[in-house]
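**Q** Dumping the structure here so I can ask a few things about it.
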Amino acid sequence: MSYWFTIASLTGINVLLAYSVYASFMSGQVSIGQVAFFGVGAYVGASLTVLGGFDLASAVMAGGFAGAAASLFVGVPTLRLKGYHFTIATVAFAEAMRVVLHNLKYGRPRSSGNVGDQWLGPDGATGFRHISYLNDHSISTGQYAVIVWLIVAVVVVAFFLVERSRIARILRTIEEDEVVARSIGVPVARYKVAAFACGGFIAGISGALYAHLLTFISGNDFIIHLSTIALAYVVIGGGQTMWGPLIGAIIFTVLPETLRPIREFRIELFGLLIILVMLFRPAGMISAAMVRRWGVALTSKAGAKPPRKAP
Amino acid sequence: MLDVQDLTVSYGAIRAVRNVSLTVKAGEVVTLIGANGAGKTSIVKALSGLVPKASGRTMFGDTNISSLPAHQVTRLGLVHVPEGRKLVPSMSVEENLMCGAYCRSDKQEIAADLDQVMTRFPRLRERRRQLAGTMSGGERQMLAIGRGLMARPELLILDEPSLGLAPLLVEEVFNIIAGLKQEGKTILLIEQNALEALNSSDRAYVIRVGEVVMSGRSSDLVDDPELRRAYLGVN
Amino acid sequence: MLLTAVEGLAYGGLYALLGLGFFLTYGVLRRIDLAYGTVVMTSVYLGAMMVGGLGLPWVGVLALTLVVGIPLSLLVAYLAFVLVRQDARFSMAATLGIWMVLEELMLQSPGRGRGQAIVNPLQDLSWWPWGLQIRIDHMVILGLALAVAGLLTRFLTRSRTGLAIRVSAYDASVAALLGISHARMMVLATVIASAVGCVAGWSFAMAQSGIDLHFGMWATVKGLVILVLGGTQSIALIVTAAIGLGVAERVGSELIGSGYRDLVGYGLILALLAVEPFLRPGETRFGDSR
Amino acid sequence: MSRTQKSNFYTVRAIALATVAAASLTAAFTTGATAFQDDGTIILCSIEPLSGIGTSFGQPNYLGKVIAIDEINAEGGIEIDGKKVKIKLISEDDQAKPDQGVALFRKCAESEKALVITGTQYSRVTESMWGLLQKKVDDPNDKGLQVPSMSFLSMKAGVTGVSEWAFRNAGDEPAQHELAIKLMEEKFGPFKNYSGAVEANEGHSVAAWKAAYTPALERRNIKPAEYVEWYETDRDFSVQIRKLKRAETDFFILSSHLQANVGAMLEAQRQGFKPKMIISHIGSDAAEMVELGKQSTEGIVFPTAIHMAFPAPKVKWLADEYKKRTKETYMPQFVGLGYEGIMLVKEAIIKAGIKNRPETLAEDRRKVRDQLAAIKDYKSFAGMSLNMNANRDIVRPIYLVKITGGDFKLYWTPDKGFLF
């Protein structure tokens, strides 16, 4: 069972990562750099519990703020860029961040360590060991899964509310046409930066949760692959509504596990799935039209008025 | 030269054009006038093959082009200068013009035509190396017409050439059309600017909600009281 | 130091070839193809594997690479950019899937994902003017890159077909109105881009006497770097950027070591992107924004 | 009900449905797991990359284990309470990804109830998996997993420091390299003028340099004349090799992986950098060194645990068995380490005197752990004697292999000294 609890925690972490992409995706900005904020969150979160003796909740929050700060650092100058410029800027930032994390060394010596294990804290390429908060505080995998999914629930509800608010309509307008948005008096840059910072915050939280689940992190964990897969969660799940990232990340994390019986062929099958979804459901598995249809079907069955058309 | 019988164009369930028949004879300038959204552009898009024709029979010269793809229609000499110019902004003026001559392989003649177009539009010669994306609206329209001419069209379709231009430039565009007419070019002109269009054409068709509601000699239509009231904004 | 820079110049030729393939895909065809490097890697890998198996001479690798690479690129283009056409972001996701599938297939090929040797006939030949060491194979590749760059420039700006490809990439309906068959032009452009990519991949593999699976992702990242530095407007800029990158990387390694070397490159991209809107307002590095 | 309440209601319903679906899925897959020792077997788990980037070492290692298990079971199994019990090997593929590794490690420890977990073999994943273990045995405040785990190839010095339940059969790097350097000194005179190259992006290359080479060199109070770094994905080594060449060193220590090794050695050949001796460890024991590197890798010396060039008949038997099962011609040491690792575990199980009943699992695991920690003078199939040290690394006599004439030749053995 604890195997599935671990998978559940990992799924939750990936769902958060997907929402961090989705936050700026709503305004049409494609970031392949979320892994940088994820990594920053992981390092900050782990440092606080391991070296600073903080509790998990503050460490995770701090990881989130660190992620948001990093995203502001890259977002403010580059979000005024058009289209794919921004995407490439995020790639460059993520790779730069990986190099920095990879070379980072701080902390204190461990008096009783084995040969090769005499440092507490990140030790350059050797990595960051002994992130043992869960074991030290007797947090079981089941409890951790609950913690992760509580955070996921908060984020999902937040997106659910945002989706029905004016903010979402403004973001979608920016996605459709920036010029139009600007002409109706929307401070486009401010909205884009704010959305991106929210994404950075969620990625940071996700990273801190990841570090504590994995007990060990190193710069090489935060390669660009992870960002592209996070983007795939959103695109496969569907980027038009807030349900897409959720479904995308769950399927992406759980499906490979259930495909274990076919062993090494599961990656092929999985890649094939991406292509198939893109072929037959180009708007992702959950499209806006589908959510509308379901909404209509459900509400009309209950005899209520059909919902407003989604913005 | 162009003979259209009962043309219908549908977008999904919506019929944008219904049973339109029209003809253009060699050397004529024919204009389609009508309000915004009347279906004028849909008609010419169907003629040039950009949108499929739901039904009807379209002959261009001796060829049935009812179901020919757009690039093959162009090769027959039916050249469509689309609404909104549709130039390639990252290409220079000269490159855009050369694209017009894609279907031809007579190098010397192409060079001669290029020179001729640039003589017709001296502004283009001045800016032959400039990127099309950086030019003004009037210059772009000239470039678009020039690109159309580079194909040595037998029938030139001009879709809203005066759209979005300043009044002075609108006049210039109609001067160009008048010039082309004098040279004996066959032109199918789409215009919202009905009065100017009627003044520079031989015959006209009035289109309303996808149907031809009136047709005849342009000089007669200009004097039609109903038309004047409905389209020309004159009492 | 100077020595390093001069050698970097020769090495830049390798990057230039790679950059040209990317230029065609991203700049001319305007496809965000994350699988580009992987497709090239797969082609060279299979080429090398088959040559090893069939006992052909070294030139066979190039031939087989092209035989594998061109149909493969067409397949990728068809799947990701013809069938999936609604949104560039979705096409990009589809190429990600292709990337995963190809890499895994190589792991399960008879080569089992292990490095494949490629014979480099110029392996040990170097030219030593004034204490410099210039590899003959690098010079050959630099020459090849410049030749390809020249030919491509001529092709894209002068030839009828080249212009038609550019129109077609910009807008299918405009192309059709000019009498250009969009489908045929896209196939042709994909074939050219893929051929350039295959030649680049093969040259690279030959210069290092073998190919391994890391090459795919590496090539994609390097290609993107070159593209950002050089933009997608002109081939000359791409070649300059590629050679510049070759020099900068070597000088960087010499001065600051490998650890932080990449940081300089990425930092440069960020700085360039952040400053650019102020330097050239209204212009875009990535072709025509529609 | 207002519209928002309504849609909230349906959201709740959707979530409930999803939960049910997830739960049934979970049930389906957990019931698929083995019911504990119903079939009267000893369960061992094996985690390694069988697909993805680590396949090239995960697969051979797995095969080595399978060969060992087949051999044990062919003899009827292990004797427990006077009865022969067969071993069942449950294999999991972690794709060299740490997130999969942690989930699988828990699965093996808790759902499969494995007596011992062998793996994983990729040090990055090993780090995360062993972080789940209890740090010190008998610590009541530490609720970490309590299951003995042995990795056969994680060549990252210090990785066992994370838990007393963690063991390695990858070799004791500091001892290996100390001896290698001593031997070089014997053959070529004082080890003074040396240079090093490290693959800076790989944790275990860096760890080997820091924990294994550096102490050995510091003891001799010498510093490298030149030290360079590169990345595994680098394609150009000319700058680094020129620096090394300029330093004109006699000895060259190469702490790097296969791809980079080959690239760097080809460049060295081109530039004419030819030190008297090149010592390597990870990444040189592979057929590609010769296939891709050709003459450039000639003369590289590396310490090995088990090499197919060993004269022991059992090694030859294993190599033949491996070739038969895979159609490969070269047997990397991963196969031998896998085979030997299982034999070590078997020895510990026999000595532990386990009961192998569901209720004694925790006790049995503890006994096996203690026996693993106490391995002393174990006679390996390759004829050497193995001991577990305080770092929970197996200490073994080292053998040196040298790449000579396009082949891997045994170069130095403890009993015969230098062979050529």
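We name chains A, B, ... following the order of the structure tokens; residues begin at 1 in each chain, and ligands are numbered from 1 as shown.
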Using only C-alpha atoms, find each residue of chain B with at least one atom at most 8 Å away from an atom of chain C; report its shortest atom-to-atom pair and that distance in Å (one decimal), sort the rows by chain and rising residue number, and return the result as JSON lines.
**A**
```
{"residue": "B:Ser48", "atom": "CA", "partner": "C:Leu177", "partner_atom": "CA", "distance": 7.4}
{"residue": "B:Leu50", "atom": "CA", "partner": "C:Ser173", "partner_atom": "CA", "distance": 6.8}
{"residue": "B:Ala70", "atom": "CA", "partner": "C:Ala176", "partner_atom": "CA", "distance": 5.3}
{"residue": "B:His71", "atom": "CA", "partner": "C:Gly179", "partner_atom": "CA", "distance": 3.8}
{"residue": "B:Gln72", "atom": "CA", "partner": "C:Gly179", "partner_atom": "CA", "distance": 6.1}
{"residue": "B:Val73", "atom": "CA", "partner": "C:Gly179", "partner_atom": "CA", "distance": 7.4}
{"residue": "B:Thr74", "atom": "CA", "partner": "C:Gly179", "partner_atom": "CA", "distance": 4.9}
{"residue": "B:Arg75", "atom": "CA", "partner": "C:Gly179", "partner_atom": "CA", "distance": 5.5}
{"residue": "B:Val79", "atom": "CA", "partner": "C:Leu177", "partner_atom": "CA", "distance": 6.8}
{"residue": "B:His80", "atom": "CA", "partner": "C:Leu177", "partner_atom": "CA", "distance": 6.2}
{"residue": "B:Val81", "atom": "CA", "partner": "C:Leu177", "partner_atom": "CA", "distance": 7.7}
{"residue": "B:Lys86", "atom": "CA", "partner": "C:Val174", "partner_atom": "CA", "distance": 6.4}
{"residue": "B:Leu87", "atom": "CA", "partner": "C:Val174", "partner_atom": "CA", "distance": 7.9}
{"residue": "B:Val88", "atom": "CA", "partner": "C:Val167", "partner_atom": "CA", "distance": 6.5}
{"residue": "B:Pro89", "atom": "CA", "partner": "C:Asp288", "partner_atom": "CA", "distance": 6.5}
{"residue": "B:Ser90", "atom": "CA", "partner": "C:Asp288", "partner_atom": "CA", "distance": 6.2}
{"residue": "B:Glu95", "atom": "CA", "partner": "C:Leu163", "partner_atom": "CA", "distance": 7.2}
{"residue": "B:Met98", "atom": "CA", "partner": "C:Arg160", "partner_atom": "CA", "distance": 7.7}
{"residue": "B:Cys99", "atom": "CA", "partner": "C:Leu163", "partner_atom": "CA", "distance": 6.3}
{"residue": "B:Gly100", "atom": "CA", "partner": "C:Leu178", "partner_atom": "CA", "distance": 5.8}
{"residue": "B:Ala101", "atom": "CA", "partner": "C:Leu178", "partner_atom": "CA", "distance": 7.8}
{"residue": "B:Tyr102", "atom": "CA", "partner": "C:Arg160", "partner_atom": "CA", "distance": 6.1}
{"residue": "B:Cys103", "atom": "CA", "partner": "C:Gly179", "partner_atom": "CA", "distance": 6.1}
{"residue": "B:Ala151", "atom": "CA", "partner": "C:Leu178", "partner_atom": "CA", "distance": 7.9}
```
**Q** Could you please take those selected residues and save N, CA, C and O atoms as an mmCIF file, in the first residue's frame?
**A**
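Listing of out19.cif after writing:
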```
data_model
loop_
_atom_site.group_PDB
_atom_site.id
_atom_site.type_symbol
_atom_site.label_atom_id
_atom_site.label_comp_id
_atom_site.auth_asym_id
_atom_site.auth_seq_id
_atom_site.Cartn_x
_atom_site.Cartn_y
_atom_site.Cartn_z
ATOM 1 N N SER B 48 -11.218 30.957 -56.822
ATOM 2 C CA SER B 48 -9.786 30.654 -56.899
ATOM 3 C C SER B 48 -9.452 29.333 -56.199
ATOM 4 O O SER B 48 -8.302 28.929 -56.174
ATOM 5 N N LEU B 50 -9.756 28.503 -52.965
ATOM 6 C CA LEU B 50 -9.335 28.533 -51.563
ATOM 7 C C LEU B 50 -10.365 27.872 -50.658
ATOM 8 O O LEU B 50 -10.015 27.277 -49.653
ATOM 9 N N ALA B 70 -6.481 25.214 -55.438
ATOM 10 C CA ALA B 70 -6.148 26.620 -55.684
ATOM 11 C C ALA B 70 -4.876 26.801 -56.496
ATOM 12 O O ALA B 70 -4.842 27.615 -57.418
ATOM 13 N N HIS B 71 -3.822 26.009 -56.166
ATOM 14 C CA HIS B 71 -2.567 26.309 -56.852
ATOM 15 C C HIS B 71 -2.650 25.967 -58.331
ATOM 16 O O HIS B 71 -1.970 26.561 -59.158
ATOM 17 N N GLN B 72 -3.544 25.027 -58.689
ATOM 18 C CA GLN B 72 -3.674 24.700 -60.111
ATOM 19 C C GLN B 72 -4.549 25.718 -60.836
ATOM 20 O O GLN B 72 -4.313 26.006 -62.010
ATOM 21 N N VAL B 73 -5.511 26.283 -60.100
ATOM 22 C CA VAL B 73 -6.332 27.342 -60.697
ATOM 23 C C VAL B 73 -5.427 28.509 -61.063
ATOM 24 O O VAL B 73 -5.513 29.065 -62.164
ATOM 25 N N THR B 74 -4.535 28.870 -60.120
ATOM 26 C CA THR B 74 -3.629 29.987 -60.379
ATOM 27 C C THR B 74 -2.801 29.731 -61.636
ATOM 28 O O THR B 74 -2.568 30.628 -62.435
ATOM 29 N N ARG B 75 -2.374 28.485 -61.770
ATOM 30 C CA ARG B 75 -1.534 28.170 -62.927
ATOM 31 C C ARG B 75 -2.250 28.370 -64.255
ATOM 32 O O ARG B 75 -1.628 28.555 -65.285
ATOM 33 N N VAL B 79 -5.718 34.818 -61.365
ATOM 34 C CA VAL B 79 -4.874 35.243 -60.251
ATOM 35 C C VAL B 79 -5.672 36.112 -59.286
ATOM 36 O O VAL B 79 -6.306 37.084 -59.678
ATOM 37 N N HIS B 80 -5.643 35.701 -58.035
ATOM 38 C CA HIS B 80 -6.460 36.308 -56.998
ATOM 39 C C HIS B 80 -5.553 37.120 -56.068
ATOM 40 O O HIS B 80 -4.672 36.567 -55.437
ATOM 41 N N VAL B 81 -5.748 38.431 -56.021
ATOM 42 C CA VAL B 81 -5.001 39.260 -55.061
ATOM 43 C C VAL B 81 -5.906 39.395 -53.829
ATOM 44 O O VAL B 81 -6.915 40.085 -53.867
ATOM 45 N N LYS B 86 -1.863 40.059 -47.869
ATOM 46 C CA LYS B 86 -1.195 38.768 -47.696
ATOM 47 C C LYS B 86 0.188 38.704 -48.342
ATOM 48 O O LYS B 86 0.498 37.808 -49.104
ATOM 49 N N LEU B 87 1.002 39.686 -48.013
ATOM 50 C CA LEU B 87 2.397 39.637 -48.464
ATOM 51 C C LEU B 87 3.188 38.844 -47.438
ATOM 52 O O LEU B 87 2.714 38.598 -46.334
ATOM 53 N N VAL B 88 4.394 38.447 -47.794
ATOM 54 C CA VAL B 88 5.236 37.770 -46.800
ATOM 55 C C VAL B 88 6.132 38.832 -46.171
ATOM 56 O O VAL B 88 7.029 39.355 -46.820
ATOM 57 N N PRO B 89 5.861 39.187 -44.919
ATOM 58 C CA PRO B 89 6.539 40.346 -44.335
ATOM 59 C C PRO B 89 8.048 40.186 -44.210
ATOM 60 O O PRO B 89 8.772 41.179 -44.237
ATOM 61 N N SER B 90 8.531 38.943 -44.092
ATOM 62 C CA SER B 90 9.976 38.783 -43.902
ATOM 63 C C SER B 90 10.713 38.730 -45.238
ATOM 64 O O SER B 90 11.914 38.513 -45.266
ATOM 65 N N GLU B 95 11.689 40.044 -53.627
ATOM 66 C CA GLU B 95 11.395 38.621 -53.432
ATOM 67 C C GLU B 95 9.898 38.360 -53.521
ATOM 68 O O GLU B 95 9.456 37.392 -54.126
ATOM 69 N N MET B 98 8.961 38.378 -57.103
ATOM 70 C CA MET B 98 9.424 37.177 -57.802
ATOM 71 C C MET B 98 8.527 35.977 -57.478
ATOM 72 O O MET B 98 8.327 35.101 -58.323
ATOM 73 N N CYS B 99 7.985 35.965 -56.272
ATOM 74 C CA CYS B 99 7.073 34.877 -55.909
ATOM 75 C C CYS B 99 5.868 34.861 -56.828
ATOM 76 O O CYS B 99 5.310 33.809 -57.128
ATOM 77 N N GLY B 100 5.452 36.064 -57.258
ATOM 78 C CA GLY B 100 4.300 36.142 -58.138
ATOM 79 C C GLY B 100 4.532 35.370 -59.423
ATOM 80 O O GLY B 100 3.603 34.841 -60.024
ATOM 81 N N ALA B 101 5.795 35.311 -59.831
ATOM 82 C CA ALA B 101 6.110 34.664 -61.104
ATOM 83 C C ALA B 101 6.444 33.191 -60.916
ATOM 84 O O ALA B 101 7.067 32.576 -61.783
ATOM 85 N N TYR B 102 6.020 32.615 -59.800
ATOM 86 C CA TYR B 102 6.403 31.238 -59.498
ATOM 87 C C TYR B 102 6.028 30.276 -60.622
ATOM 88 O O TYR B 102 6.762 29.357 -60.945
ATOM 89 N N CYS B 103 4.870 30.481 -61.233
ATOM 90 C CA CYS B 103 4.390 29.501 -62.211
ATOM 91 C C CYS B 103 5.052 29.648 -63.575
ATOM 92 O O CYS B 103 4.754 28.881 -64.487
ATOM 93 N N ALA B 151 2.367 37.370 -62.422
ATOM 94 C CA ALA B 151 1.936 36.055 -62.881
ATOM 95 C C ALA B 151 1.380 36.126 -64.305
ATOM 96 O O ALA B 151 0.962 35.103 -64.845
#
```
**Q** I'd like the neighbourhood of segment 305-307 of chain D as a PDB file with C-alpha atoms, in the first residue's frame, where a residue qualifies if any of its atoms comes within 12 Å (using only C-alpha atoms), though same-chain residues fewer than 2 positions away should be ignored.
**A**
```pdb
ATOM      1  CA  GLY D  64      24.055 -11.990 -13.171  1.00  0.00           C
ATOM      2  CA  PHE D 152      26.094  -4.192  -6.331  1.00  0.00           C
ATOM      3  CA  LEU D 153      27.300  -1.355  -8.463  1.00  0.00           C
ATOM      4  CA  MET D 155      30.108   3.329  -7.345  1.00  0.00           C
ATOM      5  CA  ASN D 169      29.343  -4.812  -3.127  1.00  0.00           C
ATOM      6  CA  ALA D 170      30.767  -2.229  -5.492  1.00  0.00           C
ATOM      7  CA  GLY D 171      34.164  -2.148  -3.845  1.00  0.00           C
ATOM      8  CA  ASP D 172      35.895   0.011  -1.319  1.00  0.00           C
ATOM      9  CA  GLU D 173      37.101   2.825  -3.520  1.00  0.00           C
ATOM     10  CA  GLN D 176      41.256   0.211  -4.217  1.00  0.00           C
ATOM     11  CA  HIS D 281      37.885   3.108 -12.544  1.00  0.00           C
ATOM     12  CA  ILE D 282      34.279   3.642 -13.517  1.00  0.00           C
ATOM     13  CA  SER D 284      36.389   1.800 -18.525  1.00  0.00           C
ATOM     14  CA  ASP D 285      35.122  -1.721 -18.151  1.00  0.00           C
ATOM     15  CA  ALA D 286      33.143  -1.843 -21.357  1.00  0.00           C
ATOM     16  CA  PHE D 302      41.607   0.001 -14.037  1.00  0.00           C
ATOM     17  CA  PRO D 303      40.918  -1.929 -10.858  1.00  0.00           C
ATOM     18  CA  ALA D 309      39.886 -12.333 -17.938  1.00  0.00           C
ATOM     19  CA  PHE D 310      40.154 -13.934 -14.459  1.00  0.00           C
ATOM     20  CA  PRO D 311      41.594 -17.419 -14.629  1.00  0.00           C
ATOM     21  CA  ALA D 312      39.092 -18.922 -12.172  1.00  0.00           C
ATOM     22  CA  LYS D 314      33.793 -20.364 -12.338  1.00  0.00           C
ATOM     23  CA  VAL D 315      34.361 -16.937 -13.907  1.00  0.00           C
ATOM     24  CA  LYS D 316      34.747 -18.543 -17.296  1.00  0.00           C
ATOM     25  CA  LEU D 318      29.716 -17.335 -15.771  1.00  0.00           C
ATOM     26  CA  ALA D 319      31.005 -15.568 -18.867  1.00  0.00           C
ATOM     27  CA  TYR D 330      32.031  -9.156 -23.660  1.00  0.00           C
ATOM     28  CA  MET D 331      30.941  -9.685 -20.081  1.00  0.00           C
ATOM     29  CA  PRO D 332      31.209  -6.484 -18.040  1.00  0.00           C
ATOM     30  CA  GLN D 333      31.954  -6.820 -14.335  1.00  0.00           C
ATOM     31  CA  PHE D 334      28.326  -5.902 -13.530  1.00  0.00           C
ATOM     32  CA  VAL D 335      27.359  -9.477 -14.311  1.00  0.00           C
ATOM     33  CA  GLY D 336      29.916 -10.899 -11.915  1.00  0.00           C
ATOM     34  CA  LEU D 337      28.978  -8.407  -9.205  1.00  0.00           C
ATOM     35  CA  GLY D 338      25.334  -9.354  -9.553  1.00  0.00           C
ATOM     36  CA  TYR D 339      26.116 -13.057  -9.360  1.00  0.00           C
ATOM     37  CA  GLU D 340      28.480 -12.619  -6.473  1.00  0.00           C
ATOM     38  CA  GLY D 341      26.118 -10.261  -4.639  1.00  0.00           C
ATOM     39  CA  SER D 380      33.959 -15.623  -3.708  1.00  0.00           C
ATOM     40  CA  PHE D 381      33.353 -17.628  -6.856  1.00  0.00           C
ATOM     41  CA  ALA D 382      36.262 -15.823  -8.461  1.00  0.00           C
ATOM     42  CA  GLY D 383      38.558 -17.260  -5.826  1.00  0.00           C
ATOM     43  CA  MET D 384      39.112 -14.166  -3.738  1.00  0.00           C
ATOM     44  CA  SER D 385      38.310 -13.487  -0.133  1.00  0.00           C
ATOM     45  CA  LEU D 386      35.813 -10.740   0.730  1.00  0.00           C
ATOM     46  CA  ILE D 394      32.833  -5.076   0.715  1.00  0.00           C
ATOM     47  CA  VAL D 395      36.609  -4.959   0.766  1.00  0.00           C
ATOM     48  CA  ARG D 396      38.177  -7.193  -1.802  1.00  0.00           C
ATOM     49  CA  PRO D 397      41.637  -7.790  -3.097  1.00  0.00           C
ATOM     50  CA  ILE D 398      42.016  -5.692  -6.166  1.00  0.00           C
ATOM     51  CA  TYR D 399      43.020  -6.906  -9.557  1.00  0.00           C
ATOM     52  CA  LEU D 400      44.193  -4.558 -12.244  1.00  0.00           C
ATOM     53  CA  VAL D 401      43.175  -4.886 -15.867  1.00  0.00           C
ATOM     54  CA  LYS D 402      44.990  -3.127 -18.649  1.00  0.00           C
ATOM     55  CA  PHE D 408      41.342  -6.399 -21.727  1.00  0.00           C
ATOM     56  CA  LYS D 409      44.306  -8.194 -20.124  1.00  0.00           C
ATOM     57  CA  LEU D 410      44.797  -9.020 -16.493  1.00  0.00           C
ATOM     58  CA  TYR D 411      47.681  -6.783 -15.428  1.00  0.00           C
ATOM     59  CA  THR D 413      46.986  -9.908  -9.325  1.00  0.00           C
TER      60      THR D 413
END
```
**Q** Applying 12 Å and only C-alpha atoms, which residues near Ser31 of chain A remain after dropping the ones on its own chain fewer than 2 positions away? List them as a PyMOL selection string.
**A** (chain A and resi 17-29+33-37+71+74-75+78-79+83-94+192+195-197+199-200+203+224+226-232+234) or (chain C and resi 89)
**Q** As a ChimeraX atom specification, please: the residues near Arg15 of chain B (cut-off 12 Å, only C-alpha atoms, same-chain neighbours under 2 positions excluded).
**A** /B:7-13,17-20,38-39,42-43,53-55,209-211
**Q** Output the selection as a short mmCIF file (atom, residue, chain, number, x, y, z; two decimals), in the first residue's frame - C-alpha atoms for each residue.
**A**
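Okay, again12.cif is ready:
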```
data_model
loop_
_atom_site.label_atom_id
_atom_site.label_comp_id
_atom_site.auth_asym_id
_atom_site.auth_seq_id
_atom_site.Cartn_x
_atom_site.Cartn_y
_atom_site.Cartn_z
CA LEU B 7 -22.30 28.53 -57.40
CA THR B 8 -23.01 27.58 -53.79
CA VAL B 9 -20.52 27.82 -50.95
CA SER B 10 -21.10 26.38 -47.49
CA TYR B 11 -19.18 26.64 -44.25
CA GLY B 12 -20.47 23.70 -42.28
CA ALA B 13 -24.22 24.21 -42.04
CA VAL B 17 -23.23 31.84 -51.15
CA ARG B 18 -26.39 30.60 -52.89
CA ASN B 19 -26.81 29.85 -56.60
CA VAL B 20 -24.69 32.69 -57.86
CA ALA B 38 -22.68 39.83 -48.17
CA GLY B 39 -20.55 36.94 -49.42
CA SER B 42 -16.59 33.91 -50.31
CA ILE B 43 -17.46 33.96 -54.01
CA LYS B 53 -17.47 24.86 -54.01
CA ALA B 54 -20.50 23.02 -52.67
CA SER B 55 -22.23 22.92 -56.03
CA VAL B 209 -26.80 37.74 -48.26
CA GLY B 210 -25.04 35.40 -50.64
CA GLU B 211 -27.24 36.03 -53.65
#
```
**Q** As an NGL selection string, please: every residue in segment 126-184 of chain B that a backbone DSSP assignment puts in strand (DSSP E).
**A** :B and (155-159)
**Q** May I have a table of the residues of chain D lying at most 7 Å from chain A, giving each one's closest pair of atoms and their distance in Å to one decimal, counting only C-alpha atoms, ordered by chain and ascending residue number, as a Markdown table?
**A**
```
| residue | atom | partner | partner_atom | distance |
| --- | --- | --- | --- | --- |
| D:Leu50 | CA | A:Glu264 | CA | 6.7 |
| D:Ser51 | CA | A:Glu264 | CA | 5.1 |
| D:Asp99 | CA | A:Leu214 | CA | 6.8 |
| D:Val102 | CA | A:Leu214 | CA | 6.8 |
| D:Ala103 | CA | A:Tyr3 | CA | 5.1 |
| D:Leu104 | CA | A:Tyr3 | CA | 6.5 |
| D:Arg106 | CA | A:Tyr3 | CA | 5.4 |
| D:Lys107 | CA | A:Tyr3 | CA | 4.7 |
| D:Glu110 | CA | A:Ser2 | CA | 6.9 |
| D:Ser111 | CA | A:Met1 | CA | 6.4 |
| D:Glu127 | CA | A:Phe216 | CA | 6.2 |
| D:Ser128 | CA | A:Phe216 | CA | 5.1 |
| D:Gly131 | CA | A:Thr215 | CA | 5.3 |
| D:Asn141 | CA | A:Asp136 | CA | 6.9 |
| D:Asp142 | CA | A:Asp136 | CA | 5.5 |
| D:Lys143 | CA | A:Asn135 | CA | 5.3 |
| D:Gly144 | CA | A:Asn135 | CA | 5.1 |
| D:Ala157 | CA | A:Gly116 | CA | 5.4 |
| D:Gly158 | CA | A:Gly116 | CA | 4.0 |
| D:Gly161 | CA | A:Asn114 | CA | 5.2 |
| D:Val162 | CA | A:His130 | CA | 6.8 |
| D:Ala200 | CA | A:Ala125 | CA | 6.8 |
| D:Asn201 | CA | A:Ala125 | CA | 6.2 |
| D:Glu202 | CA | A:Ala125 | CA | 6.4 |
| D:Gly203 | CA | A:Thr126 | CA | 4.3 |
| D:His204 | CA | A:Thr126 | CA | 6.8 |
| D:Val206 | CA | A:Thr126 | CA | 6.5 |
| D:Ala207 | CA | A:Thr126 | CA | 6.0 |
| D:Ala211 | CA | A:Gly116 | CA | 5.0 |
| D:Asn391 | CA | A:Asn114 | CA | 6.0 |
```
**Q** Extract, using only C-alpha atoms, all DNA, RNA and protein residues at most 7 Å from segment 46-62 of chain A, discarding same-chain residues fewer than 4 positions from it, and format them as a list in words.
**A**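 So the residues in contact are Ala42, Ala66, Gly107, Gly121, Ile131, Tyr133, Ile205, Ala208, Leu209, Ala211 and His212 of chain A.
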**Q** Rounded to one decimal place, report the atom CA of Gln208 of chain C-atom CA of Phe222 of chain A distance in Å.
**A**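 Distance reported for this atom pair: 27.7 Å.
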**Q** One decimal, in Å: what's the spacing between atom CA of Leu63 of chain D and atom CA of Gly283 of chain D?
**A**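 Interatomic distance here is 19.2 Å.
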**Q** Can you write out as CSV which residues of chain D fall within 7 Å of chain C, alongside each residue's closest atom pair and its distance in Å to one decimal, counting only C-alpha atoms and ordering rows by chain and ascending residue number?
**A**
```
residue,atom,partner,partner_atom,distance
D:Gly52,CA,C:Glu104,CA,6.4
D:Ala200,CA,C:Gly259,CA,6.6
D:Glu229,CA,C:Ser258,CA,5.8
D:Trp230,CA,C:Ser258,CA,5.4
D:Thr233,CA,C:His214,CA,6.6
D:Val239,CA,C:Glu254,CA,6.2
D:Gly263,CA,C:Gln208,CA,6.3
D:Arg270,CA,C:Asp124,CA,5.4
D:Glu288,CA,C:Gly115,CA,6.8
D:Glu291,CA,C:Ala117,CA,6.4
D:Leu292,CA,C:Ala117,CA,4.8
```
